[in-house]
Each structure stands twice: as C-alpha cells, then as structure tokens.
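K.L.:
Structure supplied as target32.pdb; contents: PDB, C-alpha atoms, pLDDT in the B column.
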ATOM      1  CA  MET A1409      71.372  54.593   0.095  1.00 62.00           C
ATOM      2  CA  GLN A1410      74.497  55.683  -1.739  1.00 74.00           C
ATOM      3  CA  GLU A1411      76.136  58.972  -0.824  1.00 88.00           C
ATOM      4  CA  THR A1412      75.371  61.837  -3.175  1.00 94.00           C
ATOM      5  CA  GLN A1413      77.600  61.693  -6.249  1.00 97.00           C
ATOM      6  CA  ILE A1414      78.495  64.854  -8.156  1.00 98.00           C
ATOM      7  CA  ILE A1415      79.050  64.951 -11.908  1.00 98.00           C
ATOM      8  CA  PRO A1416      81.307  67.960 -12.612  1.00 98.00           C
ATOM      9  CA  PRO A1417      80.263  70.422 -15.333  1.00 98.00           C
ATOM     10  CA  ARG A1418      80.658  69.144 -18.908  1.00 97.00           C
ATOM     11  CA  SER A1419      81.466  65.565 -17.877  1.00 98.00           C
ATOM     12  CA  GLY A1420      79.732  62.190 -17.556  1.00 98.00           C
ATOM     13  CA  VAL A1421      79.672  58.862 -15.722  1.00 98.00           C
ATOM     14  CA  ALA A1422      78.317  55.340 -16.132  1.00 98.00           C
ATOM     15  CA  PHE A1423      77.204  52.918 -13.422  1.00 98.00           C
ATOM     16  CA  LEU A1424      74.987  49.910 -12.726  1.00 98.00           C
ATOM     17  CA  LEU A1425      71.398  50.291 -11.528  1.00 98.00           C
ATOM     18  CA  LYS A1426      69.826  47.044 -10.379  1.00 98.00           C
ATOM     19  CA  LYS A1427      66.225  46.030 -11.046  1.00 98.00           C
ATOM     20  CA  GLY A1428      63.947  47.475  -8.347  1.00 98.00           C
ATOM     21  CA  SER A1429      66.453  50.173  -7.362  1.00 98.00           C
ATOM     22  CA  TYR A1430      65.904  53.916  -7.616  1.00 98.00           C
ATOM     23  CA  LEU A1431      67.988  56.661  -9.171  1.00 98.00           C
ATOM     24  CA  LYS A1432      67.502  60.272  -8.064  1.00 98.00           C
ATOM     25  CA  ILE A1433      68.893  62.936 -10.405  1.00 98.00           C
ATOM     26  CA  THR A1434      69.105  66.418  -8.904  1.00 98.00           C
ATOM     27  CA  ASP A1435      69.870  69.829 -10.395  1.00 98.00           C
ATOM     28  CA  PRO A1436      71.809  71.380  -7.480  1.00 98.00           C
ATOM     29  CA  LEU A1437      72.040  74.945  -8.810  1.00 98.00           C
ATOM     30  CA  GLY A1438      69.215  75.170 -11.354  1.00 98.00           C
ATOM     31  CA  GLU A1439      68.980  75.376 -15.154  1.00 98.00           C
ATOM     32  CA  GLN A1440      71.296  72.432 -15.813  1.00 98.00           C
ATOM     33  CA  VAL A1441      70.478  69.545 -18.170  1.00 98.00           C
ATOM     34  CA  SER A1442      71.531  65.925 -17.653  1.00 98.00           C
ATOM     35  CA  ASP A1443      71.593  63.427 -20.542  1.00 98.00           C
ATOM     36  CA  LEU A1444      70.478  59.932 -19.512  1.00 98.00           C
ATOM     37  CA  VAL A1445      71.101  56.789 -21.578  1.00 98.00           C
ATOM     38  CA  CYS A1446      70.785  53.182 -20.473  1.00 98.00           C
ATOM     39  CA  PHE A1447      71.326  49.630 -21.703  1.00 98.00           C
ATOM     40  CA  ASN A1448      70.192  46.215 -20.514  1.00 98.00           C
ATOM     41  CA  GLN A1449      73.115  45.068 -18.365  1.00 98.00           C
ATOM     42  CA  HIS A1450      72.794  41.481 -19.611  1.00 98.00           C
ATOM     43  CA  ASP A1451      72.191  42.243 -23.302  1.00 98.00           C
ATOM     44  CA  ARG A1452      73.708  45.503 -24.446  1.00 98.00           C
ATOM     45  CA  ALA A1453      71.926  45.343 -27.792  1.00 98.00           C
ATOM     46  CA  GLU A1454      68.815  46.440 -25.849  1.00 98.00           C
ATOM     47  CA  TYR A1455      68.804  50.178 -25.186  1.00 98.00           C
ATOM     48  CA  LEU A1456      66.528  53.065 -24.209  1.00 98.00           C
ATOM     49  CA  SER A1457      64.310  54.088 -27.138  1.00 98.00           C
ATOM     50  CA  SER A1458      62.900  57.583 -27.491  1.00 98.00           C
ATOM     51  CA  GLY A1459      60.712  56.574 -30.432  1.00 98.00           C
ATOM     52  CA  ARG A1460      59.015  53.653 -28.715  1.00 98.00           C
ATOM     53  CA  THR A1461      58.638  55.504 -25.418  1.00 98.00           C
ATOM     54  CA  MET A1462      56.958  58.547 -26.961  1.00 98.00           C
ATOM     55  CA  ASP A1463      54.893  56.381 -29.313  1.00 98.00           C
ATOM     56  CA  TYR A1464      53.395  54.347 -26.465  1.00 98.00           C
ATOM     57  CA  ALA A1465      52.952  57.398 -24.189  1.00 98.00           C
ATOM     58  CA  GLU A1466      51.365  59.409 -27.047  1.00 98.00           C
ATOM     59  CA  THR A1467      53.241  62.495 -25.884  1.00 97.00           C
ATOM     60  CA  ILE A1468      56.673  64.105 -26.165  1.00 96.00           C
ATOM     61  CA  PHE A1469      56.354  65.484 -22.625  1.00 96.00           C
ATOM     62  CA  LEU A1470      57.309  62.610 -20.344  1.00 98.00           C
ATOM     63  CA  THR A1471      56.960  62.930 -16.588  1.00 98.00           C
ATOM     64  CA  LYS A1472      55.899  61.154 -13.397  1.00 98.00           C
ATOM     65  CA  GLY A1473      53.953  57.981 -14.117  1.00 98.00           C
ATOM     66  CA  HIS A1474      55.412  57.298 -17.554  1.00 98.00           C
ATOM     67  CA  PRO A1475      57.246  54.048 -18.343  1.00 98.00           C
ATOM     68  CA  PHE A1476      60.341  54.259 -20.559  1.00 99.00           C
ATOM     69  CA  TYR A1477      60.734  51.528 -23.161  1.00 98.00           C
ATOM     70  CA  SER A1478      63.632  49.817 -24.880  1.00 98.00           C
ATOM     71  CA  ASN A1479      64.073  49.209 -28.599  1.00 98.00           C
ATOM     72  CA  ARG A1480      62.454  45.816 -27.897  1.00 98.00           C
ATOM     73  CA  SER A1481      59.380  47.384 -26.251  1.00 98.00           C
ATOM     74  CA  ASN A1482      60.357  46.248 -22.759  1.00 98.00           C
ATOM     75  CA  ILE A1483      60.032  48.733 -19.901  1.00 98.00           C
ATOM     76  CA  MET A1484      63.490  49.723 -18.700  1.00 99.00           C
ATOM     77  CA  PHE A1485      62.443  52.140 -15.974  1.00 98.00           C
ATOM     78  CA  GLU A1486      59.523  54.200 -14.712  1.00 98.00           C
ATOM     79  CA  MET A1487      59.594  57.818 -13.587  1.00 98.00           C
ATOM     80  CA  VAL A1488      58.131  57.867 -10.080  1.00 98.00           C
ATOM     81  CA  GLU A1489      58.891  61.458  -9.013  1.00 98.00           C
ATOM     82  CA  ASP A1490      59.325  64.687 -10.977  1.00 98.00           C
ATOM     83  CA  THR A1491      59.447  68.191  -9.484  1.00 98.00           C
ATOM     84  CA  VAL A1492      59.912  69.944 -12.848  1.00 98.00           C
ATOM     85  CA  GLY A1493      57.576  68.270 -15.340  1.00 97.00           C
ATOM     86  CA  ARG A1494      59.437  69.313 -18.478  1.00 97.00           C
ATOM     87  CA  HIS A1495      62.193  67.310 -20.122  1.00 98.00           C
ATOM     88  CA  ASP A1496      63.242  66.407 -23.675  1.00 98.00           C
ATOM     89  CA  PHE A1497      63.431  63.106 -25.546  1.00 98.00           C
ATOM     90  CA  LEU A1498      63.761  64.500 -29.077  1.00 98.00           C
ATOM     91  CA  LEU A1499      67.361  65.676 -29.333  1.00 97.00           C
ATOM     92  CA  THR A1500      70.522  63.619 -29.498  1.00 96.00           C
ATOM     93  CA  PRO A1501      73.435  64.124 -27.066  1.00 97.00           C
ATOM     94  CA  CYS A1502      75.544  67.141 -27.950  1.00 96.00           C
ATOM     95  CA  SER A1503      78.886  66.258 -29.517  1.00 95.00           C
ATOM     96  CA  ALA A1504      81.989  67.792 -31.036  1.00 93.00           C
ATOM     97  CA  ASP A1505      80.030  67.912 -34.300  1.00 94.00           C
ATOM     98  CA  THR A1506      77.194  69.772 -32.538  1.00 91.00           C
ATOM     99  CA  PHE A1507      79.602  72.494 -31.474  1.00 92.00           C
ATOM    100  CA  ARG A1508      81.231  72.588 -34.907  1.00 93.00           C
ATOM    101  CA  ILE A1509      78.002  72.688 -36.934  1.00 92.00           C
ATOM    102  CA  ILE A1510      75.658  74.694 -34.686  1.00 88.00           C
ATOM    103  CA  TYR A1511      78.040  76.907 -32.702  1.00 87.00           C
ATOM    104  CA  GLY A1512      80.887  77.225 -35.195  1.00 90.00           C
ATOM    105  CA  HIS A1513      83.586  76.167 -32.735  1.00 83.00           C
ATOM    106  CA  GLU A1514      86.949  75.453 -34.343  1.00 83.00           C
ATOM    107  CA  ALA A1515      88.229  73.403 -31.386  1.00 81.00           C
ATOM    108  CA  PRO A1516      84.975  71.883 -30.136  1.00 83.00           C
ATOM    109  CA  HIS A1517      84.369  70.197 -26.791  1.00 88.00           C
ATOM    110  CA  ARG A1518      83.577  66.474 -27.092  1.00 92.00           C
ATOM    111  CA  GLY A1519      80.164  67.123 -25.543  1.00 95.00           C
ATOM    112  CA  CYS A1520      77.794  64.701 -23.860  1.00 97.00           C
ATOM    113  CA  PHE A1521      78.234  62.161 -26.639  1.00 97.00           C
ATOM    114  CA  GLY A1522      81.983  62.039 -26.116  1.00 97.00           C
ATOM    115  CA  ASN A1523      81.549  61.929 -22.350  1.00 98.00           C
ATOM    116  CA  LEU A1524      79.066  59.062 -22.612  1.00 98.00           C
ATOM    117  CA  ALA A1525      81.304  57.184 -25.043  1.00 98.00           C
ATOM    118  CA  ALA A1526      84.217  57.396 -22.604  1.00 98.00           C
ATOM    119  CA  ALA A1527      82.025  56.382 -19.648  1.00 98.00           C
ATOM    120  CA  PHE A1528      80.532  53.395 -21.483  1.00 98.00           C
ATOM    121  CA  GLU A1529      83.847  52.125 -22.884  1.00 98.00           C
ATOM    122  CA  PRO A1530      84.673  49.967 -19.806  1.00 98.00           C
ATOM    123  CA  TYR A1531      81.299  48.227 -20.287  1.00 98.00           C
ATOM    124  CA  GLY A1532      82.098  47.284 -23.888  1.00 98.00           C
ATOM    125  CA  ILE A1533      79.570  49.723 -25.391  1.00 98.00           C
ATOM    126  CA  SER A1534      80.792  51.445 -28.551  1.00 98.00           C
ATOM    127  CA  PRO A1535      80.022  55.073 -29.498  1.00 98.00           C
ATOM    128  CA  ASP A1536      77.890  53.904 -32.423  1.00 97.00           C
ATOM    129  CA  ALA A1537      75.585  52.099 -29.968  1.00 98.00           C
ATOM    130  CA  ILE A1538      74.672  55.272 -28.048  1.00 98.00           C
ATOM    131  CA  PRO A1539      71.045  56.244 -28.830  1.00 98.00           C
ATOM    132  CA  ILE A1540      69.086  59.463 -28.355  1.00 98.00           C
ATOM    133  CA  SER A1541      69.288  60.429 -24.699  1.00 98.00           C
ATOM    134  CA  PHE A1542      66.510  61.328 -22.300  1.00 98.00           C
ATOM    135  CA  ASN A1543      67.508  64.922 -21.589  1.00 98.00           C
ATOM    136  CA  VAL A1544      66.522  65.488 -17.996  1.00 98.00           C
ATOM    137  CA  PHE A1545      65.471  69.104 -17.240  1.00 98.00           C
ATOM    138  CA  MET A1546      65.949  70.154 -20.888  1.00 98.00           C
ATOM    139  CA  HIS A1547      63.301  72.600 -22.148  1.00 98.00           C
ATOM    140  CA  VAL A1548      62.546  72.112 -25.841  1.00 97.00           C
ATOM    141  CA  THR A1549      59.547  73.572 -27.676  1.00 97.00           C
ATOM    142  CA  VAL A1550      58.136  72.617 -31.069  1.00 96.00           C
ATOM    143  CA  ASN A1551      56.166  75.104 -33.184  1.00 95.00           C
ATOM    144  CA  GLY A1552      52.837  73.485 -34.033  1.00 91.00           C
ATOM    145  CA  ASP A1553      52.692  74.990 -37.527  1.00 94.00           C
ATOM    146  CA  THR A1554      56.279  74.915 -38.774  1.00 97.00           C
ATOM    147  CA  GLY A1555      57.756  72.168 -36.600  1.00 96.00           C
ATOM    148  CA  LYS A1556      60.651  74.467 -35.690  1.00 97.00           C
ATOM    149  CA  ILE A1557      62.504  73.326 -32.573  1.00 96.00           C
ATOM    150  CA  ASP A1558      63.713  75.826 -29.984  1.00 96.00           C
ATOM    151  CA  VAL A1559      65.944  75.093 -27.005  1.00 96.00           C
ATOM    152  CA  LEU A1560      65.016  77.316 -24.066  1.00 97.00           C
ATOM    153  CA  PRO A1561      66.486  77.654 -20.550  1.00 97.00           C
ATOM    154  CA  PRO A1562      65.547  74.713 -18.321  1.00 98.00           C
ATOM    155  CA  LYS A1563      62.621  75.179 -15.962  1.00 98.00           C
ATOM    156  CA  SER A1564      64.499  73.413 -13.164  1.00 98.00           C
ATOM    157  CA  LYS A1565      65.406  75.412 -10.072  1.00 98.00           C
ATOM    158  CA  ALA A1566      68.053  74.606  -7.494  1.00 98.00           C
ATOM    159  CA  GLY A1567      67.175  71.325  -5.789  1.00 98.00           C
ATOM    160  CA  ASP A1568      64.669  70.095  -8.384  1.00 98.00           C
ATOM    161  CA  TYR A1569      64.887  66.387  -9.172  1.00 98.00           C
ATOM    162  CA  ILE A1570      63.438  63.316 -10.795  1.00 98.00           C
ATOM    163  CA  ILE A1571      63.444  59.744  -9.479  1.00 98.00           C
ATOM    164  CA  ILE A1572      63.315  56.684 -11.710  1.00 98.00           C
ATOM    165  CA  LYS A1573      62.802  53.045 -10.739  1.00 98.00           C
ATOM    166  CA  ALA A1574      64.655  50.402 -12.748  1.00 98.00           C
ATOM    167  CA  THR A1575      62.531  47.522 -14.033  1.00 98.00           C
ATOM    168  CA  MET A1576      65.550  45.581 -15.316  1.00 98.00           C
ATOM    169  CA  ASP A1577      69.266  45.538 -14.494  1.00 98.00           C
ATOM    170  CA  LEU A1578      70.698  48.589 -16.252  1.00 98.00           C
ATOM    171  CA  ILE A1579      73.955  50.193 -17.286  1.00 98.00           C
ATOM    172  CA  VAL A1580      73.215  53.897 -16.942  1.00 98.00           C
ATOM    173  CA  GLY A1581      75.112  56.792 -18.493  1.00 98.00           C
ATOM    174  CA  LEU A1582      74.554  60.254 -17.045  1.00 98.00           C
ATOM    175  CA  THR A1583      76.053  63.653 -17.860  1.00 98.00           C
ATOM    176  CA  ALA A1584      76.161  67.255 -16.811  1.00 98.00           C
ATOM    177  CA  CYS A1585      75.341  68.639 -20.252  1.00 97.00           C
ATOM    178  CA  SER A1586      77.962  70.552 -22.212  1.00 94.00           C
ATOM    179  CA  ALA A1587      75.785  72.583 -24.625  1.00 93.00           C
ATOM    180  CA  GLU A1588      75.465  76.321 -24.092  1.00 92.00           C
ATOM    181  CA  MET A1589      71.855  76.784 -25.212  1.00 92.00           C
ATOM    182  CA  SER A1590      70.615  73.795 -23.207  1.00 96.00           C
ATOM    183  CA  ASN A1591      71.840  75.271 -19.911  1.00 95.00           C
ATOM    184  CA  ASN A1592      71.181  78.999 -20.394  1.00 95.00           C
ATOM    185  CA  TYR A1593      74.866  79.555 -21.237  1.00 94.00           C
ATOM    186  CA  ALA A1594      76.287  78.372 -17.906  1.00 95.00           C
ATOM    187  CA  PHE A1595      77.807  75.000 -17.032  1.00 96.00           C
ATOM    188  CA  LYS A1596      76.968  73.499 -13.662  1.00 98.00           C
ATOM    189  CA  PRO A1597      77.144  70.092 -11.929  1.00 98.00           C
ATOM    190  CA  ILE A1598      74.518  67.373 -11.647  1.00 98.00           C
ATOM    191  CA  ALA A1599      73.999  65.272  -8.510  1.00 98.00           C
ATOM    192  CA  TYR A1600      72.701  61.717  -8.270  1.00 98.00           C
ATOM    193  CA  GLN A1601      71.967  59.075  -5.653  1.00 97.00           C
ATOM    194  CA  LEU A1602      71.062  55.385  -5.768  1.00 97.00           C
ATOM    195  CA  TYR A1603      68.482  53.904  -3.379  1.00 96.00           C
ATOM    196  CA  ASN A1604      67.159  50.443  -2.653  1.00 94.00           C
ATOM    197  CA  GLU A1605      63.803  51.931  -1.635  1.00 92.00           C
ATOM    198  CA  LEU A1606      61.930  55.071  -2.656  1.00 92.00           C
ATOM    199  CA  PRO A1607      63.395  57.926  -0.584  1.00 86.00           C
ATOM    200  CA  ALA A1608      61.051  58.889   2.252  1.00 77.00           C
ATOM    201  CA  GLN A1609      61.401  62.622   1.645  1.00 64.00           C
ATOM    202  CA  SER A1610      60.028  62.273  -1.891  1.00 49.00           C
ATOM    203  CA  THR A1611      56.823  60.367  -1.114  1.00 44.00           C
TER     204      THR A1611
END
Represent the structure from my file as structure tokens, please.

P.N.:
Amino acid sequence: MQETQIIPPRSGVAFLLKKGSYLKITDPLGEQVSDLVCFNQHDRAEYLSSGRTMDYAETIFLTKGHPFYSNRSNIMFEMVEDTVGRHDFLLTPCSADTFRIIYGHEAPHRGCFGNLAAAFEPYGISPDAIPISFNVFMHVTVNGDTGKIDVLPPKSKAGDYIIIKATMDLIVGLTACSAEMSNNYAFKPIAYQLYNELPAQST
C-alpha cells in the first residue's frame, strides 16, 4: 500500500498504475470533484473513452461493477467500490477557455485541462491527446425533454470514495477540480492511494 497522497485544490498529478493494482480516490472534505484520465502505458494512442464506455454500459450513470473502455474497446479498469454512486462522464475537463466562456473570467485559471497537460508532459502526452475525463463525484443532470445539462453540487460527503482496478498498465492523470459550479463554489483537496490488493476495509 502506498501512503495517502494529497492533490492540493485546483491542481493535478499523473502516475503509473500497474495491471491488477487498485486506485482509491477519496473526497476528504466532501463536495469535491476529481477528473480522471488514463492512457495505455505501452501505447499512448489508446486512451479512456467516454463514448465507448457509456455505449457498452447503456447508461450515463457509471458505478460499481462497470468496466471502463478505451477508444479501442479494451477494458482499461473496472470500478470495484463506490460509496457515492453518482459521477459524470459527459463533460470535458475545465480549462482556461471554460472560465473565459462560461464564467467570464478575464485572467482565467488553467483548470483541470491545464493541470492534466502539465502532469502528462513528462510522459510524452500532448494536450491535444487528452480526452473527456471521468469526473469522479461530479453531479450532472440532463433534462429528459430539452437535453439541458445542469451541474449540481456533488453528492459526495467527507470520506466518500471509489476504488478502481486496472486491467492494463496505465498512466493515470488525476485532479482536484478547479471549476466553481462543479464543487459547490469551494475548492478542496482530493486524496488517493495505490494498493496491490483490494483494501480490506472496503470489502
């Protein structure tokens, strides 16, 4: 087991997650989103695909028991624990353009996209290669008649978590999300741990 790692508010990291290993992502304080993106460590043209994952699951609400697919329809990881049950795989990582276009900021933060781009740079992954993220703990609703999307406060409470199991060697990017609406207008940290076996306290 790796010691608990803390991602400070409005920042991001990247790391390796080996096949068969587990990643636990925890919301320490509640109502904080974490953007997750991953690539095949040995072929970085293979990446996590929201479209294929939701297509094969036949739902936009992904939770415990769902496999997550790559753009090549290979399973990259499976979610094996989930104490919240509501996450988003529709919306792209927030960026400087998000804050400029949606919030009207004149000096926008680089957002999760910029944080992921910086974290992935040492692995040779360019910003243009970053796909739609799996937005852990993000609460997004879609109006059934109009299709209007609303971003609501996360349902996660302090200590809530998910655990995923890698089914291939991965390069993982993870953030503490930078967007105001996503986090109920407060910016907080995200915690994560890597395990070789499923943590006993979560079984």

K.L.:
If we count all atoms listed in the file and set the cut-off at 6 Å, which residues sit around segment 1557-1565 of chain A, ignoring sequence neighbours fewer than 2 positions away in its own chain? Please answer as a PDB file with C-alpha atoms, in the coordinates of the input.

P.N.:
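Result written to part_38.pdb:
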ATOM      1  CA  GLY A1438      69.215  75.170 -11.354  1.00 98.00           C
ATOM      2  CA  GLU A1439      68.980  75.376 -15.154  1.00 98.00           C
ATOM      3  CA  VAL A1492      59.912  69.944 -12.848  1.00 98.00           C
ATOM      4  CA  PHE A1545      65.471  69.104 -17.240  1.00 98.00           C
ATOM      5  CA  MET A1546      65.949  70.154 -20.888  1.00 98.00           C
ATOM      6  CA  HIS A1547      63.301  72.600 -22.148  1.00 98.00           C
ATOM      7  CA  VAL A1548      62.546  72.112 -25.841  1.00 97.00           C
ATOM      8  CA  THR A1549      59.547  73.572 -27.676  1.00 97.00           C
ATOM      9  CA  VAL A1550      58.136  72.617 -31.069  1.00 96.00           C
ATOM     10  CA  ASP A1568      64.669  70.095  -8.384  1.00 98.00           C
ATOM     11  CA  ASN A1591      71.840  75.271 -19.911  1.00 95.00           C
ATOM     12  CA  ASN A1592      71.181  78.999 -20.394  1.00 95.00           C
TER      13      ASN A1592
END

K.L.:
What does the PyMOL selection byres ((chain A and resi 1412) around 12) select in this file, as a list in words?

P.N.:
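For this structure, the PyMOL selection byres ((chain A and resi 1412) around 12) resolves to Met1409, Gln1410, Glu1411, Gln1413, Ile1414, Ile1415, Leu1431, Lys1432, Ile1433, Thr1434, Pro1436, Ile1598, Ala1599, Tyr1600, Gln1601, Leu1602 and Tyr1603 of chain A.
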
K.L.:
Up to 12 Å from (60.0, 55.9, -0.9) in the file's coordinates: name the residues, counting all atoms listed in the file, as a PyMOL selection string.

P.N.:
chain A and resi 1409+1428-1432+1488-1489+1571-1573+1603-1611

K.L.:
Any chance you could resolve the PyMOL selection byres ((chain A and resi 1458) around 8) against this file and give the residues as number ranges by chain?

P.N.:
A: 1456-1457, 1459-1462, 1477, 1497-1498, 1540-1542

K.L.:
Find, counting all atoms listed in the file, the residue in A:Ala1587, A:Ala1525, A:Ile1579, A:Val1421 that gets nearest to Asp1451 of chain A.

P.N.:
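Nearest candidate to Asp1451 of chain A out of A:Ala1587, A:Ala1525, A:Ile1579, A:Val1421: A:Ile1579.
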
K.L.:
In Å, how far is it from atom CA of Val1544 of chain A to atom CA of Glu1514 of chain A?

P.N.:
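Taking atom CA of Val1544 of chain A and atom CA of Glu1514 of chain A, their separation equals 28.0 Å.
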
K.L.:
Which distance in Å separates atom CA of Leu1437 of chain A and atom CA of Phe1476 of chain A, to one decimal?

P.N.:
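Interatomic distance here is 26.5 Å.
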
K.L.:
Could you check the closest approach to Leu1524 of chain A for each of A:Leu1425, A:Leu1470, A:Val1580, A:Ala1574 and tell me which residue wins, using all atoms listed in the file?

P.N.:
A:Val1580

K.L.:
Pick the closest to Ser1586 of chain A from A:Ile1510, A:Ile1483, A:Ala1504, A:Leu1444: which is it, counting all atoms listed in the file?

P.N.:
A:Ala1504

K.L.:
Could you tell me how far atom CA of Asp1496 of chain A lies from atom CA of Gly1532 of chain A, in Å and to one decimal?

P.N.:
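Answer for the atom CA of Asp1496 of chain A to atom CA of Gly1532 of chain A separation: 26.9 Å.
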
K.L.:
Point out the residue among A:Asn1543, A:Ser1534, A:Asn1448, A:Asn1551 with the least atom-to-atom distance to Leu1499 of chain A, counting all atoms listed in the file.

P.N.:
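So, comparing all the options, the nearest one is A:Asn1543.
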
K.L.:
Between A:Ala1465, A:Tyr1531, A:Ala1594, A:Thr1471, which is the closest to Leu1578 of chain A once you count all atoms listed in the file?

P.N.:
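Ranking A:Ala1465, A:Tyr1531, A:Ala1594, A:Thr1471 by distance to Leu1578 of chain A, first place goes to A:Tyr1531.
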
K.L.:
May I ask which of the residues A:Arg1508, A:His1474, A:Lys1596, A:His1517 is the closest one to Asp1490 of chain A, counting all atoms listed in the file?

P.N.:
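Result for the nearest residue to Asp1490 of chain A: A:His1474.
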
K.L.:
Quick one: everything within 6 Å of Cys1520 of chain A, counting all atoms listed in the file, minus sequence neighbours fewer than 5 positions away in the same chain. Send it as a tab-separated table (two decimals) with C-alpha atoms, keeping the file's coordinate frame.

P.N.:
chain	number	residue	atom	x	y	z
A	1501	PRO	CA	73.44	64.12	-27.07
A	1502	CYS	CA	75.54	67.14	-27.95
A	1503	SER	CA	78.89	66.26	-29.52
A	1585	CYS	CA	75.34	68.64	-20.25

K.L.:
Please identify all polymer residues within 7 Å of Pro1475 of chain A, counting only C-alpha atoms, omitting same-chain residues fewer than 5 positions from it, and present them as a VMD selection string.

P.N.:
chain A and resid 1483 1485 to 1487

K.L.:
So which residues are close to (64.3, 48.4, -31.0), meaning at most 8 Å away in the file's coordinates with all atoms listed in the file counted, and can you show them as a PyMOL selection string?

P.N.:
chain A and resi 1454-1455+1457+1460+1478-1481
